[in-house]
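Colleague: Here's a structure for you.
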Amino acid sequence: MELVAKVLVGLVAALHVYILVLEMFLWQRRPGRSLHGFGPDLARATAPLAANQGLYNGFLAAGLVWGLVAAGPTGFGARVFFLGCVVVAGVFGAVTANRRILFAQALPGAVALAAVLAAR
């Protein structure tokens, strides 16, 4: 079960690196604009906000990677903390921005968190 948990944590980390790239570097291009259905003008106007969000997603990914490479209770604690942050951010995003975030971010984080706790 520990291997499954680590793979799931790695997938959630990779998802957040992908979100970082979309929000920081591709927001004004087709992949980023189509994510929210923004036209070029709105994408340009919101690009600084999206880049800020992308940076936070990068911090989540970095914390999850730290949790994967750290040994013992430190790694376990980091995985639980950062997956909890992913779930909270996903729920908040679903409530305030777009319901799809619940399934794209919170659900994978919750599944990985359940696996980490079960592997303990």
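In the structure tokens, the first chain shown is A, the next is B, and so on; residue numbers restart at 1 for each chain, and ligands run from 1 in the order shown.
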With a cut-off of 7 Å, could you pull out the residues of range 11-41 of chain A touching range 45-51 of chain A and give me the nearest pair of atoms for each, distance in Å to one decimal, using only C-alpha atoms, ordered by chain and ascending number, as JSON lines?
Modeller:
```
{"residue": "A:Glu23", "atom": "CA", "partner": "A:Ala50", "partner_atom": "CA", "distance": 5.0}
{"residue": "A:Met24", "atom": "CA", "partner": "A:Ala51", "partner_atom": "CA", "distance": 4.1}
{"residue": "A:Trp27", "atom": "CA", "partner": "A:Ala47", "partner_atom": "CA", "distance": 6.3}
{"residue": "A:Gln28", "atom": "CA", "partner": "A:Ala47", "partner_atom": "CA", "distance": 7.0}
{"residue": "A:Asp41", "atom": "CA", "partner": "A:Ala45", "partner_atom": "CA", "distance": 6.2}
```
Colleague: Emit the selected residues as a compact mmCIF listing (two decimals), in the first residue's frame, including N, CA, C and O atoms.
Modeller:
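The resulting file, result_14.txt, is reproduced below:
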```
# COMPACT_ATOMS: atom_id res chain seq x y z
N GLU A 23 -0.90 28.05 -15.65
CA GLU A 23 -1.24 29.35 -15.09
C GLU A 23 -0.11 30.37 -15.21
O GLU A 23 -0.38 31.56 -15.37
N MET A 24 1.12 29.92 -15.15
CA MET A 24 2.24 30.88 -15.20
C MET A 24 2.72 31.17 -16.61
O MET A 24 3.15 32.28 -16.89
N TRP A 27 -1.13 30.86 -19.82
CA TRP A 27 -2.41 31.49 -19.53
C TRP A 27 -2.95 32.28 -20.72
O TRP A 27 -4.15 32.25 -21.00
N GLN A 28 -2.09 32.97 -21.44
CA GLN A 28 -2.55 33.80 -22.56
C GLN A 28 -2.52 33.05 -23.89
O GLN A 28 -2.89 33.60 -24.92
N ASP A 41 -8.31 39.19 -24.40
CA ASP A 41 -8.28 40.40 -23.56
C ASP A 41 -8.40 40.06 -22.07
O ASP A 41 -7.66 40.58 -21.24
```
Colleague: I'd like to know which of A:Ala14, A:Met1, A:Leu22, A:Pro73 is closest to Pro108 in chain A, using only C-alpha atoms.
Modeller: A:Ala14
Colleague: I need the alpha helix (DSSP H) residues of chain A per DSSP on the backbone, written as a ChimeraX atom specification.
Modeller: /A:2-24,30-36,40-69,72-96,100-101,107-119
Colleague: I'd like the neighbourhood of range 84-91 of chain A as a PDB file with C-alpha atoms, in the first residue's frame, where a residue qualifies if any of its atoms comes within 8 Å (using only C-alpha atoms), though same-chain residues fewer than 5 positions away should be ignored.
Modeller:
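Contents of the output file part_38.pdb:
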```pdb
ATOM      1  CA  LEU A  60       2.144  22.518  -3.304  1.00  0.00           C
ATOM      2  CA  ILE A 101     -11.853  22.064  -9.479  1.00  0.00           C
ATOM      3  CA  LEU A 102     -13.451  19.751  -6.931  1.00  0.00           C
ATOM      4  CA  ALA A 104      -9.665  17.936 -10.869  1.00  0.00           C
ATOM      5  CA  GLN A 105      -7.819  18.929  -7.689  1.00  0.00           C
ATOM      6  CA  ALA A 106      -9.627  18.087  -4.429  1.00  0.00           C
ATOM      7  CA  LEU A 107     -10.644  14.529  -5.333  1.00  0.00           C
ATOM      8  CA  GLY A 109      -5.705  14.980  -3.330  1.00  0.00           C
ATOM      9  CA  ALA A 110      -8.259  13.279  -1.082  1.00  0.00           C
ATOM     10  CA  LEU A 113      -4.352  11.446   1.330  1.00  0.00           C
TER      11      LEU A 113
END
```
Colleague: Using only C-alpha atoms, which of A:Arg30, A:Arg79, A:His16, A:Arg100 sits nearest Ala61 in chain A?
Modeller: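 Ranking A:Arg30, A:Arg79, A:His16, A:Arg100 by distance to Ala61 in chain A, first place goes to A:His16.
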Colleague: Could you list, as an MDAnalysis selection string, every residue within 9 Å of Gly77 in chain A, counting only C-alpha atoms and ignoring same-chain residues fewer than 5 positions away?
Modeller: chainID A and resid 67 72 82
Colleague: Could you pull the residues within 12 Å of Pro31 in chain A, counting only C-alpha atoms, minus those fewer than 3 positions along the same chain, as a PDB file with all heavy atoms, in the first residue's frame?
Modeller:
```pdb
ATOM      1  N   TYR A  18       1.791  20.714 -13.634  1.00  0.00           N
ATOM      2  CA  TYR A  18       1.043  20.999 -14.862  1.00  0.00           C
ATOM      3  C   TYR A  18       0.198  22.270 -14.704  1.00  0.00           C
ATOM      4  O   TYR A  18       0.185  23.135 -15.588  1.00  0.00           O
ATOM      5  CB  TYR A  18       0.161  19.797 -15.216  1.00  0.00           C
ATOM      6  CG  TYR A  18      -0.767  20.023 -16.374  1.00  0.00           C
ATOM      7  CD1 TYR A  18      -0.272  20.103 -17.670  1.00  0.00           C
ATOM      8  CD2 TYR A  18      -2.135  20.148 -16.182  1.00  0.00           C
ATOM      9  CE1 TYR A  18      -1.127  20.311 -18.748  1.00  0.00           C
ATOM     10  CE2 TYR A  18      -2.993  20.348 -17.242  1.00  0.00           C
ATOM     11  CZ  TYR A  18      -2.490  20.424 -18.531  1.00  0.00           C
ATOM     12  OH  TYR A  18      -3.329  20.638 -19.590  1.00  0.00           O
ATOM     13  N   ILE A  19      -0.480  22.395 -13.564  1.00  0.00           N
ATOM     14  CA  ILE A  19      -1.281  23.596 -13.309  1.00  0.00           C
ATOM     15  C   ILE A  19      -0.385  24.819 -13.246  1.00  0.00           C
ATOM     16  O   ILE A  19      -0.724  25.879 -13.788  1.00  0.00           O
ATOM     17  CB  ILE A  19      -2.106  23.436 -12.013  1.00  0.00           C
ATOM     18  CG1 ILE A  19      -3.154  22.325 -12.179  1.00  0.00           C
ATOM     19  CG2 ILE A  19      -2.796  24.740 -11.645  1.00  0.00           C
ATOM     20  CD1 ILE A  19      -3.843  21.919 -10.883  1.00  0.00           C
ATOM     21  N   VAL A  21       2.411  25.317 -14.859  1.00  0.00           N
ATOM     22  CA  VAL A  21       2.782  25.665 -16.238  1.00  0.00           C
ATOM     23  C   VAL A  21       1.619  26.353 -16.951  1.00  0.00           C
ATOM     24  O   VAL A  21       1.806  27.379 -17.625  1.00  0.00           O
ATOM     25  CB  VAL A  21       3.260  24.412 -17.003  1.00  0.00           C
ATOM     26  CG1 VAL A  21       3.419  24.697 -18.486  1.00  0.00           C
ATOM     27  CG2 VAL A  21       4.565  23.902 -16.417  1.00  0.00           C
ATOM     28  N   LEU A  22       0.415  25.805 -16.809  1.00  0.00           N
ATOM     29  CA  LEU A  22      -0.758  26.430 -17.449  1.00  0.00           C
ATOM     30  C   LEU A  22      -0.970  27.856 -16.960  1.00  0.00           C
ATOM     31  O   LEU A  22      -1.202  28.767 -17.760  1.00  0.00           O
ATOM     32  CB  LEU A  22      -2.013  25.613 -17.163  1.00  0.00           C
ATOM     33  CG  LEU A  22      -2.275  24.403 -18.029  1.00  0.00           C
ATOM     34  CD1 LEU A  22      -3.527  23.679 -17.548  1.00  0.00           C
ATOM     35  CD2 LEU A  22      -2.430  24.786 -19.490  1.00  0.00           C
ATOM     36  N   GLU A  23      -0.903  28.047 -15.649  1.00  0.00           N
ATOM     37  CA  GLU A  23      -1.245  29.354 -15.093  1.00  0.00           C
ATOM     38  C   GLU A  23      -0.112  30.372 -15.212  1.00  0.00           C
ATOM     39  O   GLU A  23      -0.382  31.562 -15.374  1.00  0.00           O
ATOM     40  CB  GLU A  23      -1.667  29.193 -13.635  1.00  0.00           C
ATOM     41  CG  GLU A  23      -2.982  28.449 -13.508  1.00  0.00           C
ATOM     42  CD  GLU A  23      -3.436  28.196 -12.092  1.00  0.00           C
ATOM     43  OE1 GLU A  23      -2.607  28.258 -11.157  1.00  0.00           O
ATOM     44  OE2 GLU A  23      -4.629  27.929 -11.907  1.00  0.00           O
ATOM     45  N   MET A  24       1.120  29.925 -15.151  1.00  0.00           N
ATOM     46  CA  MET A  24       2.236  30.881 -15.196  1.00  0.00           C
ATOM     47  C   MET A  24       2.723  31.166 -16.613  1.00  0.00           C
ATOM     48  O   MET A  24       3.148  32.282 -16.891  1.00  0.00           O
ATOM     49  CB  MET A  24       3.407  30.382 -14.348  1.00  0.00           C
ATOM     50  CG  MET A  24       3.116  30.392 -12.853  1.00  0.00           C
ATOM     51  SD  MET A  24       4.563  30.049 -11.852  1.00  0.00           S
ATOM     52  CE  MET A  24       5.348  31.661 -11.893  1.00  0.00           C
ATOM     53  N   PHE A  25       2.683  30.158 -17.475  1.00  0.00           N
ATOM     54  CA  PHE A  25       3.332  30.320 -18.775  1.00  0.00           C
ATOM     55  C   PHE A  25       2.390  30.204 -19.973  1.00  0.00           C
ATOM     56  O   PHE A  25       2.705  30.702 -21.049  1.00  0.00           O
ATOM     57  CB  PHE A  25       4.465  29.294 -18.914  1.00  0.00           C
ATOM     58  CG  PHE A  25       5.457  29.370 -17.792  1.00  0.00           C
ATOM     59  CD1 PHE A  25       5.545  28.363 -16.860  1.00  0.00           C
ATOM     60  CD2 PHE A  25       6.282  30.475 -17.643  1.00  0.00           C
ATOM     61  CE1 PHE A  25       6.443  28.432 -15.803  1.00  0.00           C
ATOM     62  CE2 PHE A  25       7.189  30.561 -16.599  1.00  0.00           C
ATOM     63  CZ  PHE A  25       7.274  29.533 -15.672  1.00  0.00           C
ATOM     64  N   LEU A  26       1.273  29.548 -19.819  1.00  0.00           N
ATOM     65  CA  LEU A  26       0.378  29.320 -20.956  1.00  0.00           C
ATOM     66  C   LEU A  26      -0.971  30.010 -20.809  1.00  0.00           C
ATOM     67  O   LEU A  26      -1.884  29.749 -21.587  1.00  0.00           O
ATOM     68  CB  LEU A  26       0.158  27.808 -21.152  1.00  0.00           C
ATOM     69  CG  LEU A  26       1.408  26.985 -21.410  1.00  0.00           C
ATOM     70  CD1 LEU A  26       1.064  25.510 -21.491  1.00  0.00           C
ATOM     71  CD2 LEU A  26       2.119  27.452 -22.672  1.00  0.00           C
ATOM     72  N   TRP A  27      -1.128  30.858 -19.817  1.00  0.00           N
ATOM     73  CA  TRP A  27      -2.415  31.489 -19.533  1.00  0.00           C
ATOM     74  C   TRP A  27      -2.953  32.277 -20.724  1.00  0.00           C
ATOM     75  O   TRP A  27      -4.151  32.251 -21.001  1.00  0.00           O
ATOM     76  CB  TRP A  27      -2.278  32.408 -18.322  1.00  0.00           C
ATOM     77  CG  TRP A  27      -3.590  32.882 -17.787  1.00  0.00           C
ATOM     78  CD1 TRP A  27      -4.117  34.137 -17.914  1.00  0.00           C
ATOM     79  CD2 TRP A  27      -4.549  32.123 -17.048  1.00  0.00           C
ATOM     80  NE1 TRP A  27      -5.343  34.207 -17.297  1.00  0.00           N
ATOM     81  CE2 TRP A  27      -5.628  32.973 -16.743  1.00  0.00           C
ATOM     82  CE3 TRP A  27      -4.600  30.808 -16.606  1.00  0.00           C
ATOM     83  CZ2 TRP A  27      -6.741  32.558 -16.035  1.00  0.00           C
ATOM     84  CZ3 TRP A  27      -5.701  30.393 -15.894  1.00  0.00           C
ATOM     85  CH2 TRP A  27      -6.759  31.267 -15.615  1.00  0.00           C
ATOM     86  N   GLN A  28      -2.088  32.967 -21.440  1.00  0.00           N
ATOM     87  CA  GLN A  28      -2.546  33.795 -22.562  1.00  0.00           C
ATOM     88  C   GLN A  28      -2.518  33.049 -23.891  1.00  0.00           C
ATOM     89  O   GLN A  28      -2.887  33.602 -24.915  1.00  0.00           O
ATOM     90  CB  GLN A  28      -1.680  35.057 -22.655  1.00  0.00           C
ATOM     91  CG  GLN A  28      -1.846  35.952 -21.433  1.00  0.00           C
ATOM     92  CD  GLN A  28      -1.084  37.240 -21.574  1.00  0.00           C
ATOM     93  OE1 GLN A  28      -1.377  38.026 -22.468  1.00  0.00           O
ATOM     94  NE2 GLN A  28      -0.118  37.461 -20.695  1.00  0.00           N
ATOM     95  N   SER A  34      -8.321  28.250 -22.857  1.00  0.00           N
ATOM     96  CA  SER A  34      -9.429  27.304 -22.989  1.00  0.00           C
ATOM     97  C   SER A  34      -9.781  26.664 -21.649  1.00  0.00           C
ATOM     98  O   SER A  34     -10.900  26.171 -21.479  1.00  0.00           O
ATOM     99  CB  SER A  34      -9.096  26.229 -24.020  1.00  0.00           C
ATOM    100  OG  SER A  34      -8.016  25.438 -23.574  1.00  0.00           O
ATOM    101  N   LEU A  35      -8.862  26.702 -20.699  1.00  0.00           N
ATOM    102  CA  LEU A  35      -9.142  26.147 -19.374  1.00  0.00           C
ATOM    103  C   LEU A  35     -10.355  26.816 -18.747  1.00  0.00           C
ATOM    104  O   LEU A  35     -11.189  26.154 -18.130  1.00  0.00           O
ATOM    105  CB  LEU A  35      -7.906  26.325 -18.479  1.00  0.00           C
ATOM    106  CG  LEU A  35      -7.960  25.715 -17.100  1.00  0.00           C
ATOM    107  CD1 LEU A  35      -8.007  24.195 -17.190  1.00  0.00           C
ATOM    108  CD2 LEU A  35      -6.745  26.145 -16.300  1.00  0.00           C
ATOM    109  N   HIS A  36     -10.474  28.132 -18.910  1.00  0.00           N
ATOM    110  CA  HIS A  36     -11.601  28.867 -18.341  1.00  0.00           C
ATOM    111  C   HIS A  36     -12.483  29.520 -19.400  1.00  0.00           C
ATOM    112  O   HIS A  36     -13.436  30.212 -19.046  1.00  0.00           O
ATOM    113  CB  HIS A  36     -11.093  29.946 -17.372  1.00  0.00           C
ATOM    114  CG  HIS A  36     -10.495  29.377 -16.131  1.00  0.00           C
ATOM    115  ND1 HIS A  36     -11.236  28.748 -15.169  1.00  0.00           N
ATOM    116  CD2 HIS A  36      -9.215  29.325 -15.711  1.00  0.00           C
ATOM    117  CE1 HIS A  36     -10.444  28.336 -14.190  1.00  0.00           C
ATOM    118  NE2 HIS A  36      -9.219  28.667 -14.497  1.00  0.00           N
ATOM    119  N   GLY A  37     -12.156  29.349 -20.657  1.00  0.00           N
ATOM    120  CA  GLY A  37     -12.965  29.936 -21.717  1.00  0.00           C
ATOM    121  C   GLY A  37     -12.743  31.433 -21.877  1.00  0.00           C
ATOM    122  O   GLY A  37     -13.634  32.133 -22.354  1.00  0.00           O
ATOM    123  N   PHE A  38     -11.576  31.915 -21.472  1.00  0.00           N
ATOM    124  CA  PHE A  38     -11.267  33.340 -21.562  1.00  0.00           C
ATOM    125  C   PHE A  38     -10.856  33.712 -22.978  1.00  0.00           C
ATOM    126  O   PHE A  38     -10.166  32.967 -23.656  1.00  0.00           O
ATOM    127  CB  PHE A  38     -10.116  33.724 -20.642  1.00  0.00           C
ATOM    128  CG  PHE A  38     -10.442  33.669 -19.170  1.00  0.00           C
ATOM    129  CD1 PHE A  38      -9.442  33.732 -18.232  1.00  0.00           C
ATOM    130  CD2 PHE A  38     -11.739  33.565 -18.712  1.00  0.00           C
ATOM    131  CE1 PHE A  38      -9.718  33.692 -16.880  1.00  0.00           C
ATOM    132  CE2 PHE A  38     -12.040  33.523 -17.363  1.00  0.00           C
ATOM    133  CZ  PHE A  38     -11.016  33.590 -16.439  1.00  0.00           C
ATOM    134  N   GLY A  39     -11.254  34.912 -23.392  1.00  0.00           N
ATOM    135  CA  GLY A  39     -10.756  35.480 -24.625  1.00  0.00           C
ATOM    136  C   GLY A  39      -9.392  36.111 -24.378  1.00  0.00           C
ATOM    137  O   GLY A  39      -8.939  36.222 -23.235  1.00  0.00           O
ATOM    138  N   PRO A  40      -8.728  36.547 -25.436  1.00  0.00           N
ATOM    139  CA  PRO A  40      -7.385  37.114 -25.286  1.00  0.00           C
ATOM    140  C   PRO A  40      -7.325  38.323 -24.345  1.00  0.00           C
ATOM    141  O   PRO A  40      -6.373  38.457 -23.569  1.00  0.00           O
ATOM    142  CB  PRO A  40      -6.996  37.511 -26.711  1.00  0.00           C
ATOM    143  CG  PRO A  40      -7.869  36.700 -27.596  1.00  0.00           C
ATOM    144  CD  PRO A  40      -9.132  36.452 -26.835  1.00  0.00           C
ATOM    145  N   ALA A  43      -7.744  37.148 -20.717  1.00  0.00           N
ATOM    146  CA  ALA A  43      -6.553  36.385 -20.329  1.00  0.00           C
ATOM    147  C   ALA A  43      -5.389  37.330 -20.046  1.00  0.00           C
ATOM    148  O   ALA A  43      -4.649  37.139 -19.075  1.00  0.00           O
ATOM    149  CB  ALA A  43      -6.184  35.397 -21.432  1.00  0.00           C
TER     150      ALA A  43
END
```
Colleague: Nearest to Val7 in chain A among A:Phe92, A:Gly75, A:Leu68, A:Val80, with distances taken over only C-alpha atoms: which residue is it?
Modeller: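 Ranked by minimum distance to Val7 in chain A, first place goes to A:Leu68.
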Colleague: Considering only C-alpha atoms, can you say which of A:Leu83, A:Ala112, A:Ala70, A:Asn98 comes closest to Lys6 in chain A?
Modeller: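 Checking each candidate against Lys6 in chain A, we get A:Ala112 as the closest.
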Colleague: Which of these, A:Ala97, A:Arg33, A:Leu117, A:Tyr56, has the shortest distance to Phe81 in chain A once you count only C-alpha atoms?
Modeller: A:Leu117
